[in-house]
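For reference, data_10.json is printed below; it contains JSON, C-alpha atoms and all ligand atoms.
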[["chain", "number", "residue", "atom", "x", "y", "z"],
["A", 1, "MET", "CA", 0.00, 0.00, 0.00],
["A", 2, "LYS", "CA", 1.28, 3.47, -0.92],
["A", 3, "ILE", "CA", 0.57, 6.34, 1.45],
["A", 4, "TYR", "CA", 0.91, 10.00, 0.53],
["A", 5, "LEU", "CA", 2.94, 11.71, 3.25],
["A", 6, "ASP", "CA", 4.21, 15.28, 3.00],
["A", 7, "GLY", "CA", 5.01, 15.35, -0.69],
["A", 8, "LYS", "CA", 5.98, 11.72, -1.27],
["A", 9, "PHE", "CA", 4.36, 8.35, -1.82],
["A", 10, "VAL", "CA", 5.83, 5.87, 0.65],
["A", 11, "ASP", "CA", 5.14, 2.27, 1.64],
["A", 12, "ALA", "CA", 2.76, 1.89, 4.58],
["A", 13, "ALA", "CA", 5.63, 0.62, 6.76],
["A", 14, "ASP", "CA", 7.52, 3.86, 6.12],
["A", 15, "ALA", "CA", 4.55, 6.18, 6.62],
["A", 16, "LYS", "CA", 5.55, 7.48, 10.03],
["A", 17, "ILE", "CA", 4.68, 10.58, 12.01],
["A", 18, "SER", "CA", 6.82, 12.00, 14.81],
["A", 19, "VAL", "CA", 5.89, 11.40, 18.46],
["A", 20, "PHE", "CA", 6.19, 15.20, 18.74],
["A", 21, "ASP", "CA", 3.42, 15.78, 16.19],
["A", 22, "HIS", "CA", 0.65, 17.74, 17.91],
["A", 23, "GLY", "CA", -1.90, 15.66, 15.99],
["A", 24, "LEU", "CA", -0.81, 12.79, 18.23],
["A", 25, "LEU", "CA", 0.01, 14.74, 21.38],
["A", 26, "TYR", "CA", -3.18, 16.82, 21.46],
["A", 27, "GLY", "CA", -5.50, 15.64, 18.67],
["A", 28, "ASP", "CA", -4.56, 18.97, 17.07],
["A", 29, "GLY", "CA", -5.47, 18.56, 13.42],
["A", 30, "VAL", "CA", -8.35, 17.99, 11.01],
["A", 31, "PHE", "CA", -9.39, 15.22, 8.68],
["A", 32, "GLU", "CA", -11.87, 13.92, 6.14],
["A", 33, "GLY", "CA", -13.24, 10.43, 5.50],
["A", 34, "ILE", "CA", -14.10, 10.21, 1.80],
["A", 35, "ARG", "CA", -15.40, 7.40, -0.44],
["A", 36, "LEU", "CA", -14.33, 6.33, -3.90],
["A", 37, "TYR", "CA", -17.05, 4.54, -5.90],
["A", 38, "GLY", "CA", -16.30, 3.03, -9.30],
["A", 39, "GLY", "CA", -13.45, 5.47, -9.91],
["A", 40, "ASN", "CA", -15.50, 8.44, -8.70],
["A", 41, "VAL", "CA", -14.44, 10.34, -5.57],
["A", 42, "PHE", "CA", -17.85, 11.15, -4.11],
["A", 43, "ARG", "CA", -18.37, 14.88, -3.49],
["A", 44, "LEU", "CA", -14.63, 15.52, -3.21],
["A", 45, "GLU", "CA", -15.02, 19.31, -3.56],
["A", 46, "GLU", "CA", -17.45, 19.36, -0.62],
["A", 47, "HIS", "CA", -15.07, 17.31, 1.53],
["A", 48, "LEU", "CA", -12.17, 19.62, 0.68],
["A", 49, "GLU", "CA", -14.27, 22.68, 1.46],
["A", 50, "ARG", "CA", -15.20, 21.20, 4.87],
["A", 51, "LEU", "CA", -11.53, 20.38, 5.51],
["A", 52, "GLU", "CA", -10.60, 23.99, 4.71],
["A", 53, "TYR", "CA", -13.32, 25.30, 7.06],
["A", 54, "SER", "CA", -12.20, 22.92, 9.84],
["A", 55, "ALA", "CA", -8.61, 24.09, 9.36],
["A", 56, "ARG", "CA", -9.63, 27.76, 9.31],
["A", 57, "ALA", "CA", -11.59, 27.29, 12.54],
["A", 58, "ILE", "CA", -8.51, 25.98, 14.36],
["A", 59, "MET", "CA", -6.17, 28.46, 12.61],
["A", 60, "LEU", "CA", -4.25, 25.74, 10.80],
["A", 61, "ASP", "CA", -2.77, 26.72, 7.43],
["A", 62, "ILE", "CA", -3.07, 23.81, 5.01],
["A", 63, "PRO", "CA", 0.09, 23.98, 2.88],
["A", 64, "HIS", "CA", -1.85, 23.16, -0.32],
["A", 65, "THR", "CA", -4.47, 24.68, -2.56],
["A", 66, "ARG", "CA", -7.82, 22.94, -3.03],
["A", 67, "GLN", "CA", -6.69, 21.75, -6.47],
["A", 68, "GLU", "CA", -3.45, 20.32, -5.09],
["A", 69, "LEU", "CA", -5.35, 18.43, -2.36],
["A", 70, "SER", "CA", -7.76, 17.11, -4.97],
["A", 71, "ASP", "CA", -4.86, 15.94, -7.16],
["A", 72, "ILE", "CA", -3.07, 14.34, -4.18],
["A", 73, "THR", "CA", -6.24, 12.51, -3.12],
["A", 74, "CYS", "CA", -6.92, 11.16, -6.62],
["A", 75, "GLU", "CA", -3.26, 10.24, -7.17],
["A", 76, "THR", "CA", -3.22, 8.23, -3.92],
["A", 77, "CYS", "CA", -6.14, 6.16, -5.23],
["A", 78, "ARG", "CA", -4.43, 5.68, -8.60],
["A", 79, "GLN", "CA", -1.11, 4.70, -6.99],
["A", 80, "ASN", "CA", -2.95, 1.92, -5.15],
["A", 81, "GLY", "CA", -4.90, 0.78, -8.21],
["A", 82, "LEU", "CA", -8.18, 1.36, -6.40],
["A", 83, "THR", "CA", -11.59, 2.07, -7.92],
["A", 84, "ASP", "CA", -13.55, 1.61, -4.69],
["A", 85, "ALA", "CA", -12.02, 2.76, -1.43],
["A", 86, "TYR", "CA", -12.23, 4.60, 1.82],
["A", 87, "ILE", "CA", -9.94, 7.64, 1.77],
["A", 88, "ARG", "CA", -8.58, 9.26, 4.91],
["A", 89, "LEU", "CA", -7.15, 12.74, 4.33],
["A", 90, "VAL", "CA", -5.45, 14.17, 7.42],
["A", 91, "VAL", "CA", -3.75, 17.48, 8.19],
["A", 92, "THR", "CA", -1.96, 17.61, 11.55],
["A", 93, "ARG", "CA", -0.50, 20.64, 13.31],
["A", 94, "GLY", "CA", 2.92, 19.06, 12.81],
["A", 95, "VAL", "CA", 5.95, 18.72, 15.04],
["A", 96, "GLY", "CA", 6.27, 21.05, 18.01],
["A", 97, "ASP", "CA", 7.50, 20.94, 21.57],
["A", 98, "LEU", "CA", 5.74, 19.47, 24.61],
["A", 99, "GLY", "CA", 3.64, 22.57, 25.22],
["A", 100, "LEU", "CA", 0.23, 23.19, 23.66],
["A", 101, "ALA", "CA", 1.36, 26.22, 21.64],
["A", 102, "PRO", "CA", 0.37, 25.56, 18.03],
["A", 103, "TRP", "CA", 2.45, 28.55, 16.86],
["A", 104, "LEU", "CA", 5.57, 26.60, 17.78],
["A", 105, "CYS", "CA", 4.68, 23.97, 15.15],
["A", 106, "PRO", "CA", 6.18, 25.39, 11.97],
["A", 107, "LYS", "CA", 5.05, 22.79, 9.43],
["A", 108, "PRO", "CA", 1.70, 20.96, 9.25],
["A", 109, "SER", "CA", 1.82, 17.37, 8.04],
["A", 110, "VAL", "CA", -0.50, 16.13, 5.31],
["A", 111, "PHE", "CA", -1.16, 12.48, 4.62],
["A", 112, "VAL", "CA", -3.64, 10.44, 2.63],
["A", 113, "ILE", "CA", -4.51, 6.77, 3.12],
["A", 114, "ALA", "CA", -6.66, 5.02, 0.52],
["A", 115, "SER", "CA", -7.66, 1.52, 1.42],
["A", 116, "LYS", "CA", -10.31, -1.11, 1.00],
["A", 117, "ILE", "CA", -13.38, -0.37, 3.04],
["A", 118, "SER", "CA", -15.02, -2.56, 5.63],
["A", 119, "LEU", "CA", -18.72, -1.88, 5.24],
["A", 120, "TYR", "CA", -21.51, -2.73, 7.63],
["A", 121, "PRO", "CA", -22.65, -6.26, 6.73],
["A", 122, "GLN", "CA", -25.37, -6.27, 4.04],
["A", 123, "GLU", "CA", -27.88, -7.68, 6.56],
["A", 124, "HIS", "CA", -27.98, -4.31, 8.33],
["A", 125, "TYR", "CA", -29.10, -2.61, 5.11],
["A", 126, "ASP", "CA", -31.66, -5.38, 4.54],
["A", 127, "ASN", "CA", -32.95, -5.70, 8.11],
["A", 128, "GLY", "CA", -31.94, -2.43, 9.80],
["A", 129, "LEU", "CA", -29.89, -1.62, 12.89],
["A", 130, "ALA", "CA", -30.87, -1.66, 16.57],
["A", 131, "ILE", "CA", -29.33, 1.37, 18.29],
["A", 132, "VAL", "CA", -29.42, 2.94, 21.73],
["A", 133, "THR", "CA", -29.08, 6.38, 23.30],
["A", 134, "VAL", "CA", -25.88, 6.64, 25.35],
["A", 135, "PRO", "CA", -25.35, 8.71, 28.51],
["A", 136, "THR", "CA", -22.29, 10.56, 27.15],
["A", 137, "ARG", "CA", -23.49, 13.90, 25.77],
["A", 138, "ARG", "CA", -22.18, 15.35, 22.51],
["A", 139, "ILE", "CA", -19.65, 18.03, 23.30],
["A", 140, "ASN", "CA", -21.06, 21.54, 23.73],
["A", 141, "PRO", "CA", -20.44, 23.67, 20.59],
["A", 142, "ALA", "CA", -19.19, 26.46, 22.86],
["A", 143, "ALA", "CA", -16.40, 24.11, 24.05],
["A", 144, "LEU", "CA", -15.47, 22.54, 20.71],
["A", 145, "PRO", "CA", -17.80, 23.01, 17.74],
["A", 146, "PRO", "CA", -18.80, 19.53, 16.46],
["A", 147, "THR", "CA", -18.83, 21.13, 13.00],
["A", 148, "ILE", "CA", -15.03, 21.03, 13.12],
["A", 149, "LYS", "CA", -13.95, 17.58, 11.92],
["A", 150, "SER", "CA", -10.95, 17.48, 14.21],
["A", 151, "LEU", "CA", -8.62, 14.66, 15.19],
["A", 152, "ASN", "CA", -10.02, 14.85, 18.70],
["A", 153, "TYR", "CA", -12.72, 12.15, 18.63],
["A", 154, "LEU", "CA", -12.67, 11.12, 22.29],
["A", 155, "ASN", "CA", -16.21, 12.38, 22.85],
["A", 156, "ASN", "CA", -17.45, 10.11, 20.05],
["A", 157, "ILE", "CA", -15.24, 7.24, 21.19],
["A", 158, "LEU", "CA", -16.76, 7.36, 24.68],
["A", 159, "GLY", "CA", -20.16, 7.14, 23.01],
["A", 160, "LYS", "CA", -18.99, 4.24, 20.86],
["A", 161, "ILE", "CA", -17.68, 2.35, 23.91],
["A", 162, "GLU", "CA", -21.01, 2.77, 25.66],
["A", 163, "ALA", "CA", -22.87, 1.64, 22.54],
["A", 164, "LYS", "CA", -20.83, -1.57, 22.54],
["A", 165, "GLN", "CA", -21.50, -2.12, 26.24],
["A", 166, "PHE", "CA", -25.22, -1.97, 25.42],
["A", 167, "GLY", "CA", -24.70, -4.37, 22.50],
["A", 168, "ALA", "CA", -25.32, -1.77, 19.77],
["A", 169, "LEU", "CA", -23.20, -0.84, 16.74],
["A", 170, "GLU", "CA", -24.21, 2.81, 16.77],
["A", 171, "ALA", "CA", -25.70, 5.16, 19.33],
["A", 172, "ILE", "CA", -27.58, 8.40, 19.57],
["A", 173, "MET", "CA", -25.73, 11.18, 21.40],
["A", 174, "LEU", "CA", -27.82, 13.97, 22.91],
["A", 175, "ASN", "CA", -26.61, 17.53, 23.24],
["A", 176, "ASP", "CA", -26.33, 19.27, 26.61],
["A", 177, "GLN", "CA", -29.96, 20.40, 26.28],
["A", 178, "GLY", "CA", -31.12, 16.81, 25.90],
["A", 179, "TYR", "CA", -31.98, 17.12, 22.21],
["A", 180, "ILE", "CA", -30.69, 14.57, 19.71],
["A", 181, "ALA", "CA", -27.43, 15.79, 18.16],
["A", 182, "GLU", "CA", -26.24, 12.88, 16.01],
["A", 183, "CYS", "CA", -24.70, 9.42, 16.34],
["A", 184, "THR", "CA", -21.07, 8.67, 17.15],
["A", 185, "ALA", "CA", -20.00, 8.76, 13.49],
["A", 186, "ASP", "CA", -23.24, 9.31, 11.58],
["A", 187, "ASN", "CA", -25.99, 11.87, 11.22],
["A", 188, "ILE", "CA", -29.53, 10.83, 12.05],
["A", 189, "PHE", "CA", -32.86, 11.27, 10.26],
["A", 190, "ILE", "CA", -36.39, 10.23, 11.09],
["A", 191, "VAL", "CA", -39.44, 10.01, 8.84],
["A", 192, "HIS", "CA", -42.72, 11.16, 10.38],
["A", 193, "LYS", "CA", -46.05, 11.44, 8.55],
["A", 194, "GLY", "CA", -44.29, 11.40, 5.18],
["A", 195, "ALA", "CA", -41.67, 14.07, 5.98],
["A", 196, "ILE", "CA", -37.96, 13.62, 6.68],
["A", 197, "VAL", "CA", -36.65, 15.40, 9.80],
["A", 198, "THR", "CA", -33.09, 15.81, 11.06],
["A", 199, "PRO", "CA", -31.51, 17.84, 13.87],
["A", 200, "ALA", "CA", -29.92, 21.11, 12.76],
["A", 201, "ALA", "CA", -26.13, 21.10, 12.75],
["A", 202, "SER", "CA", -26.40, 23.82, 15.41],
["A", 203, "GLN", "CA", -27.79, 21.15, 17.77],
["A", 204, "GLY", "CA", -24.29, 19.68, 17.95],
["A", 205, "ALA", "CA", -23.82, 17.68, 14.76],
["A", 206, "LEU", "CA", -21.19, 17.51, 12.08],
["A", 207, "LYS", "CA", -22.45, 18.95, 8.79],
["A", 208, "GLY", "CA", -22.25, 15.60, 7.04],
["A", 209, "ILE", "CA", -21.58, 15.41, 3.33],
["A", 210, "THR", "CA", -23.97, 12.45, 3.18],
["A", 211, "ARG", "CA", -26.47, 14.49, 5.21],
["A", 212, "ASP", "CA", -26.30, 17.26, 2.57],
["A", 213, "THR", "CA", -26.89, 14.65, -0.11],
["A", 214, "ILE", "CA", -30.09, 13.54, 1.65],
["A", 215, "PHE", "CA", -31.53, 17.06, 1.21],
["A", 216, "ASP", "CA", -30.92, 16.80, -2.55],
["A", 217, "ILE", "CA", -32.39, 13.30, -2.64],
["A", 218, "ALA", "CA", -35.51, 14.43, -0.74],
["A", 219, "ALA", "CA", -36.02, 17.19, -3.33],
["A", 220, "GLU", "CA", -35.59, 14.65, -6.14],
["A", 221, "LEU", "CA", -38.08, 12.25, -4.50],
["A", 222, "ASN", "CA", -40.53, 15.06, -3.69],
["A", 223, "VAL", "CA", -40.42, 14.20, 0.02],
["A", 224, "PRO", "CA", -40.60, 17.20, 2.38],
["A", 225, "ILE", "CA", -37.50, 17.58, 4.56],
["A", 226, "HIS", "CA", -36.71, 19.95, 7.40],
["A", 227, "GLU", "CA", -34.45, 20.50, 10.39],
["A", 228, "ALA", "CA", -35.99, 20.51, 13.88],
["A", 229, "ASN", "CA", -35.09, 20.07, 17.52],
["A", 230, "MET", "CA", -35.56, 16.35, 18.03],
["A", 231, "THR", "CA", -36.17, 14.48, 21.27],
["A", 232, "ARG", "CA", -35.87, 10.77, 21.94],
["A", 233, "TYR", "CA", -39.68, 10.72, 22.03],
["A", 234, "ASP", "CA", -39.74, 11.97, 18.42],
["A", 235, "ALA", "CA", -37.44, 9.14, 17.38],
["A", 236, "TRP", "CA", -39.31, 6.49, 19.39],
["A", 237, "CYS", "CA", -42.56, 7.53, 17.70],
["A", 238, "ALA", "CA", -41.10, 7.92, 14.19],
["A", 239, "ASP", "CA", -42.38, 5.86, 11.27],
["A", 240, "GLU", "CA", -38.82, 5.34, 10.00],
["A", 241, "CYS", "CA", -35.29, 6.19, 11.02],
["A", 242, "PHE", "CA", -31.98, 6.07, 9.19],
["A", 243, "LEU", "CA", -28.35, 7.09, 9.71],
["A", 244, "THR", "CA", -25.99, 8.62, 7.18],
["A", 245, "GLY", "CA", -22.23, 8.83, 6.87],
["A", 246, "SER", "CA", -19.46, 8.33, 4.37],
["A", 247, "GLY", "CA", -18.76, 4.96, 5.97],
["A", 248, "ALA", "CA", -22.32, 3.86, 6.68],
["A", 249, "GLU", "CA", -23.93, 5.45, 3.57],
["A", 250, "VAL", "CA", -27.67, 5.24, 4.39],
["A", 251, "VAL", "CA", -28.43, 2.60, 7.00],
["A", 252, "PRO", "CA", -31.95, 1.91, 8.27],
["A", 253, "VAL", "CA", -32.65, 1.85, 12.02],
["A", 254, "VAL", "CA", -35.48, -0.41, 13.18],
["A", 255, "LYS", "CA", -35.05, -0.34, 16.93],
["A", 256, "LEU", "CA", -34.09, 2.41, 19.39],
["A", 257, "ASP", "CA", -33.71, 2.01, 23.15],
["A", 258, "GLY", "CA", -35.55, -1.30, 22.97],
["A", 259, "ARG", "CA", -38.52, 0.23, 21.13],
["A", 260, "VAL", "CA", -39.45, -0.96, 17.65],
["A", 261, "ILE", "CA", -39.48, 1.88, 15.11],
["A", 262, "GLY", "CA", -42.40, 1.89, 12.67],
["A", 263, "SER", "CA", -43.04, -1.56, 11.25],
["A", 264, "GLY", "CA", -39.75, -2.91, 12.59],
["A", 265, "LYS", "CA", -38.47, -3.19, 9.01],
["A", 266, "PRO", "CA", -36.53, -0.65, 6.91],
["A", 267, "GLY", "CA", -39.13, 1.91, 5.82],
["A", 268, "GLU", "CA", -40.34, 2.69, 2.32],
["A", 269, "ILE", "CA", -38.87, 6.22, 2.22],
["A", 270, "THR", "CA", -35.57, 5.00, 3.70],
["A", 271, "ARG", "CA", -35.32, 2.38, 0.94],
["A", 272, "ARG", "CA", -36.05, 4.95, -1.78],
["A", 273, "VAL", "CA", -33.44, 7.31, -0.28],
["A", 274, "LEU", "CA", -30.85, 4.52, -0.17],
["A", 275, "ALA", "CA", -31.57, 3.54, -3.79],
["A", 276, "SER", "CA", -31.16, 7.16, -4.93],
["A", 277, "PHE", "CA", -27.96, 7.50, -2.89],
["A", 278, "ARG", "CA", -26.46, 4.41, -4.55],
["A", 279, "ARG", "CA", -27.23, 5.92, -7.99],
["A", 280, "ARG", "CA", -25.65, 9.26, -7.09],
["A", 281, "VAL", "CA", -22.36, 7.96, -5.73],
["A", 282, "LEU", "CA", -21.31, 6.89, -9.21],
["A", 283, "ILE", "CA", -22.01, 10.30, -10.74],
["A", 284, "GLU", "CA", -21.46, 13.12, -8.25],
["A", 285, "GLY", "CA", -17.88, 14.05, -7.54],
["A", 286, "THR", "CA", -14.49, 13.82, -9.17],
["A", 287, "LYS", "CA", -13.42, 11.13, -11.64],
["A", 288, "LEU", "CA", -9.94, 9.71, -11.04],
["A", 301, "LIG", "N1", -21.07, 12.78, 12.44],
["A", 301, "LIG", "C1", -19.84, 12.44, 12.86],
["A", 301, "LIG", "C2", -19.44, 12.71, 14.25],
["A", 301, "LIG", "C3", -18.93, 11.87, 11.95],
["A", 301, "LIG", "O1", -17.70, 11.53, 12.36],
["A", 301, "LIG", "C4", -20.64, 11.97, 10.24],
["A", 301, "LIG", "C5", -21.48, 12.57, 11.18],
["A", 301, "LIG", "C6", -21.13, 11.80, 8.84],
["A", 301, "LIG", "O2", -20.48, 12.76, 7.98],
["A", 301, "LIG", "P1", -20.19, 12.45, 6.45],
["A", 301, "LIG", "O3", -19.57, 13.69, 5.94],
["A", 301, "LIG", "O4", -19.26, 11.27, 6.41],
["A", 301, "LIG", "O5", -21.50, 12.16, 5.82],
["A", 301, "LIG", "C7", -19.33, 11.64, 10.63],
["A", 301, "LIG", "C8", -18.34, 11.04, 9.68],
["A", 301, "LIG", "C9", -15.76, 5.42, 10.20],
["A", 301, "LIG", "C10", -15.78, 6.90, 10.21],
["A", 301, "LIG", "O6", -14.66, 4.86, 10.17],
["A", 301, "LIG", "C11", -16.95, 7.60, 10.01],
["A", 301, "LIG", "C12", -16.96, 9.00, 10.07],
["A", 301, "LIG", "C13", -15.80, 9.63, 10.34],
["A", 301, "LIG", "C14", -14.66, 8.95, 10.52],
["A", 301, "LIG", "C15", -14.62, 7.56, 10.46],
["A", 301, "LIG", "O7", -16.84, 4.80, 10.22],
["A", 301, "LIG", "N2", -18.16, 9.67, 9.91]]
Could you write out this structure as structure tokens?
Ligand code: PXG
Amino acid sequence: MKIYLDGKFVDAADAKISVFDHGLLYGDGVFEGIRLYGGNVFRLEEHLERLEYSARAIMLDIPHTRQELSDITCETCRQNGLTDAYIRLVVTRGVGDLGLAPWLCPKPSVFVIASKISLYPQEHYDNGLAIVTVPTRRINPAALPPTIKSLNYLNNILGKIEAKQFGALEAIMLNDQGYIAECTADNIFIVHKGAIVTPAASQGALKGITRDTIFDIAAELNVPIHEANMTRYDAWCADECFLTGSGAEVVPVVKLDGRVIGSGKPGEITRRVLASFRRRVLIEGTKL
């Protein structure tokens, strides 16, 4: 496997980052998780824009233009002979000393990993997931805006650990007000009385690229869609529920906190959304 690391393509065994890199020492950096489908990097421009915004928010200067990052990302896929892959694009603060001070880190590091993806098993798309709400709250946007896709994922990891303890693969995280924010690595949607509803990003969610795609799909399918404050009650009483993410794509949820959602099977609108999503991934984005 060839990894792009700071201007070179190196073997995975040689793709090493310093123990003084603040990405490691403090989670000081930003990243994107991107998918390649049939030689098409899905919504690459949108991912690069989000990466730039994340970097701007933490005052990290990415040492590349958007076009250069796009070329690097595509070239990493080509170097590995991949047509379908999961791409991890990371910008760290770089090497500094043992203090927090980011201004003592002169050179950010950029690396790109493109590898085979491990998807959720097909049965979850066919039968739907059972998820739970975990006690760990999504971090308050005034402490660390969840819209920044930073290398500091401990909040989500705590949620993921709790999900596993409750025997679930994914979990709902509430914000500090008790409203649904998102899942540990996915955005959440419900369908109620024919309309799709999702929490606003301001409720403590990442502005997912897949989430954005759902708004376009809803318009295409003529299904009303809106953002709203969402409680667990709203999700328990929903007709359908699904999660979205670059890794998960669109995955139906059929059980939440022990309650059956809707019919207990992936819903009609969820299935139409998933079908549309699978058509779009081959078209929207950047060809290698
Ligand atoms: N919320 C969070 C907290 C995320 O990390 C999403 C929502 C969905 O966003 P996109 O842009 O992907 O539609 C994410 C991103 C993994 C993995 O290995 C998944 C994500 C990030 C990193 C790794 O499953 N999801």
List all protein, DNA and RNA residues that have any atom at most 8 Å from ligand LIG 301 (chain A), counting only C-alpha atoms and all ligand atoms, and write the list as a PDB file with C-alpha atoms, keeping the file's coordinate frame.
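What follows is the written file out_21.pdb:
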ATOM      1  CA  GLU A  32     -11.870  13.920   6.140  1.00  0.00           C
ATOM      2  CA  GLY A  33     -13.240  10.430   5.500  1.00  0.00           C
ATOM      3  CA  ILE A  34     -14.100  10.210   1.800  1.00  0.00           C
ATOM      4  CA  HIS A  47     -15.070  17.310   1.530  1.00  0.00           C
ATOM      5  CA  PRO A 146     -18.800  19.530  16.460  1.00  0.00           C
ATOM      6  CA  LYS A 149     -13.950  17.580  11.920  1.00  0.00           C
ATOM      7  CA  ASN A 156     -17.450  10.110  20.050  1.00  0.00           C
ATOM      8  CA  GLU A 182     -26.240  12.880  16.010  1.00  0.00           C
ATOM      9  CA  CYS A 183     -24.700   9.420  16.340  1.00  0.00           C
ATOM     10  CA  THR A 184     -21.070   8.670  17.150  1.00  0.00           C
ATOM     11  CA  ALA A 185     -20.000   8.760  13.490  1.00  0.00           C
ATOM     12  CA  ASP A 186     -23.240   9.310  11.580  1.00  0.00           C
ATOM     13  CA  ASN A 187     -25.990  11.870  11.220  1.00  0.00           C
ATOM     14  CA  ALA A 205     -23.820  17.680  14.760  1.00  0.00           C
ATOM     15  CA  LEU A 206     -21.190  17.510  12.080  1.00  0.00           C
ATOM     16  CA  LYS A 207     -22.450  18.950   8.790  1.00  0.00           C
ATOM     17  CA  GLY A 208     -22.250  15.600   7.040  1.00  0.00           C
ATOM     18  CA  ILE A 209     -21.580  15.410   3.330  1.00  0.00           C
ATOM     19  CA  THR A 210     -23.970  12.450   3.180  1.00  0.00           C
ATOM     20  CA  ARG A 211     -26.470  14.490   5.210  1.00  0.00           C
ATOM     21  CA  ASP A 212     -26.300  17.260   2.570  1.00  0.00           C
ATOM     22  CA  THR A 244     -25.990   8.620   7.180  1.00  0.00           C
ATOM     23  CA  GLY A 245     -22.230   8.830   6.870  1.00  0.00           C
ATOM     24  CA  SER A 246     -19.460   8.330   4.370  1.00  0.00           C
ATOM     25  CA  GLY A 247     -18.760   4.960   5.970  1.00  0.00           C
ATOM     26  CA  ALA A 248     -22.320   3.860   6.680  1.00  0.00           C
ATOM     27  CA  GLU A 249     -23.930   5.450   3.570  1.00  0.00           C
TER      28      GLU A 249
END
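Shortest separation to A:Arg271 among A:Gly285, A:Pro102, A:Pro252, A:Pro145 occurs at residue A:Pro252, atoms counted being only C-alpha atoms.
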Please report as a Markdown table every residue of stretch 143-215 of chain A lying within 8 Å of stretch 48-64 of chain A, along with the nearest atom pair and their distance in Å (one decimal), using all atoms listed in the file.
| residue | atom | partner | partner_atom | distance |
| --- | --- | --- | --- | --- |
| A:Thr147 | CA | A:Ser54 | CA | 7.6 |
| A:Ile148 | CA | A:Ser54 | CA | 4.7 |
| A:Lys149 | CA | A:Ser54 | CA | 6.0 |
| A:Ser150 | CA | A:Ser54 | CA | 7.1 |
Pull C-alpha atoms from the residues just selected and write them as an mmCIF file, in the frame of the given file.
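File produced: again_5.cif:
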data_model
loop_
_atom_site.group_PDB
_atom_site.id
_atom_site.type_symbol
_atom_site.label_atom_id
_atom_site.label_comp_id
_atom_site.auth_asym_id
_atom_site.auth_seq_id
_atom_site.Cartn_x
_atom_site.Cartn_y
_atom_site.Cartn_z
ATOM 1 C CA THR A 147 -18.830 21.130 13.000
ATOM 2 C CA ILE A 148 -15.030 21.030 13.120
ATOM 3 C CA LYS A 149 -13.950 17.580 11.920
ATOM 4 C CA SER A 150 -10.950 17.480 14.210
#
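Taking all atoms listed in the file into account, A:Ala171 lies nearest to A:Leu243 out of the set A:Ala12, A:Leu243, A:Leu69, A:Ile190.
Atom CA of A:Lys265 is found 13.8 Å from atom CA of A:Ile131.
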Polymer residues at most 7 Å from A:Lys2, only C-alpha atoms, same-chain spacing of 5 or more positions, as a PyMOL selection string: chain A and resi 9-12+79-80
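Across the structure, atom CA of A:Gly29 and atom CA of A:Pro106 are spaced 13.6 Å apart.
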Test item: residues at most 8 Å from A:Val112, all atoms listed in the file, excluding those fewer than 3 positions along its chain, as an NGL selection string: :A and (3-5 or 72-73 or 76 or 87-90)
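Between A:Val191 and the candidates A:His226, A:Leu98, A:Leu44, A:Lys8, the tightest atom-to-atom separation, counting only C-alpha atoms, involves A:His226.
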Where's the centre, and what are the edge lengths in Å to one decimal, of a box along x, y and z enclosing all listed atoms of stretch 3-7 of chain A padded 8 Å per side, as AutoDock Vina command-line options?
--center_x 2.8 --center_y 10.8 --center_z 1.3 --size_x 20.4 --size_y 25.0 --size_z 19.9
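Minimum atom-to-atom distance to A:Gly39, evaluated using all atoms listed in the file, belongs to A:Thr83 out of A:Thr83, A:Thr198, A:Gln122, A:Thr92.
Taking all atoms listed in the file into account, A:Cys241 lies nearest to A:Glu268 out of the set A:Asp71, A:Glu268, A:Glu46, A:Asp84.
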Best match for closeness to A:Ala235 among A:Ile188, A:Val41, A:Ala114, A:Leu82, counting all atoms listed in the file: A:Ile188
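Atom CA of A:Ile117 lies 22.9 Å from atom CA of A:Gly167.
Within 12 Å of the file-frame point (0.3, 14.4, 18.9), and using all atoms listed in the file, the polymer residues found are A:Ile17, A:Ser18, A:Val19, A:Phe20, A:Asp21, A:His22, A:Gly23, A:Leu24, A:Leu25, A:Tyr26, A:Gly27, A:Asp28, A:Gly29, A:Val91, A:Thr92, A:Arg93, A:Gly94, A:Val95, A:Gly96, A:Asp97, A:Leu98, A:Gly99, A:Leu100, A:Pro102, A:Cys105, A:Pro108, A:Ser109, A:Leu151, A:Asn152.
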Test item: which residues lie within 10 Å of (-42.1, 7.1, 20.8) counting only C-alpha atoms, as a PyMOL selection string: chain A and resi 231-239+256+259-262
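Shell of A:Glu162 at 8 Å, with all atoms listed in the file counted and residues fewer than 4 places along the chain excluded, is Val134, Pro135, Leu158 and Phe166 of chain A.
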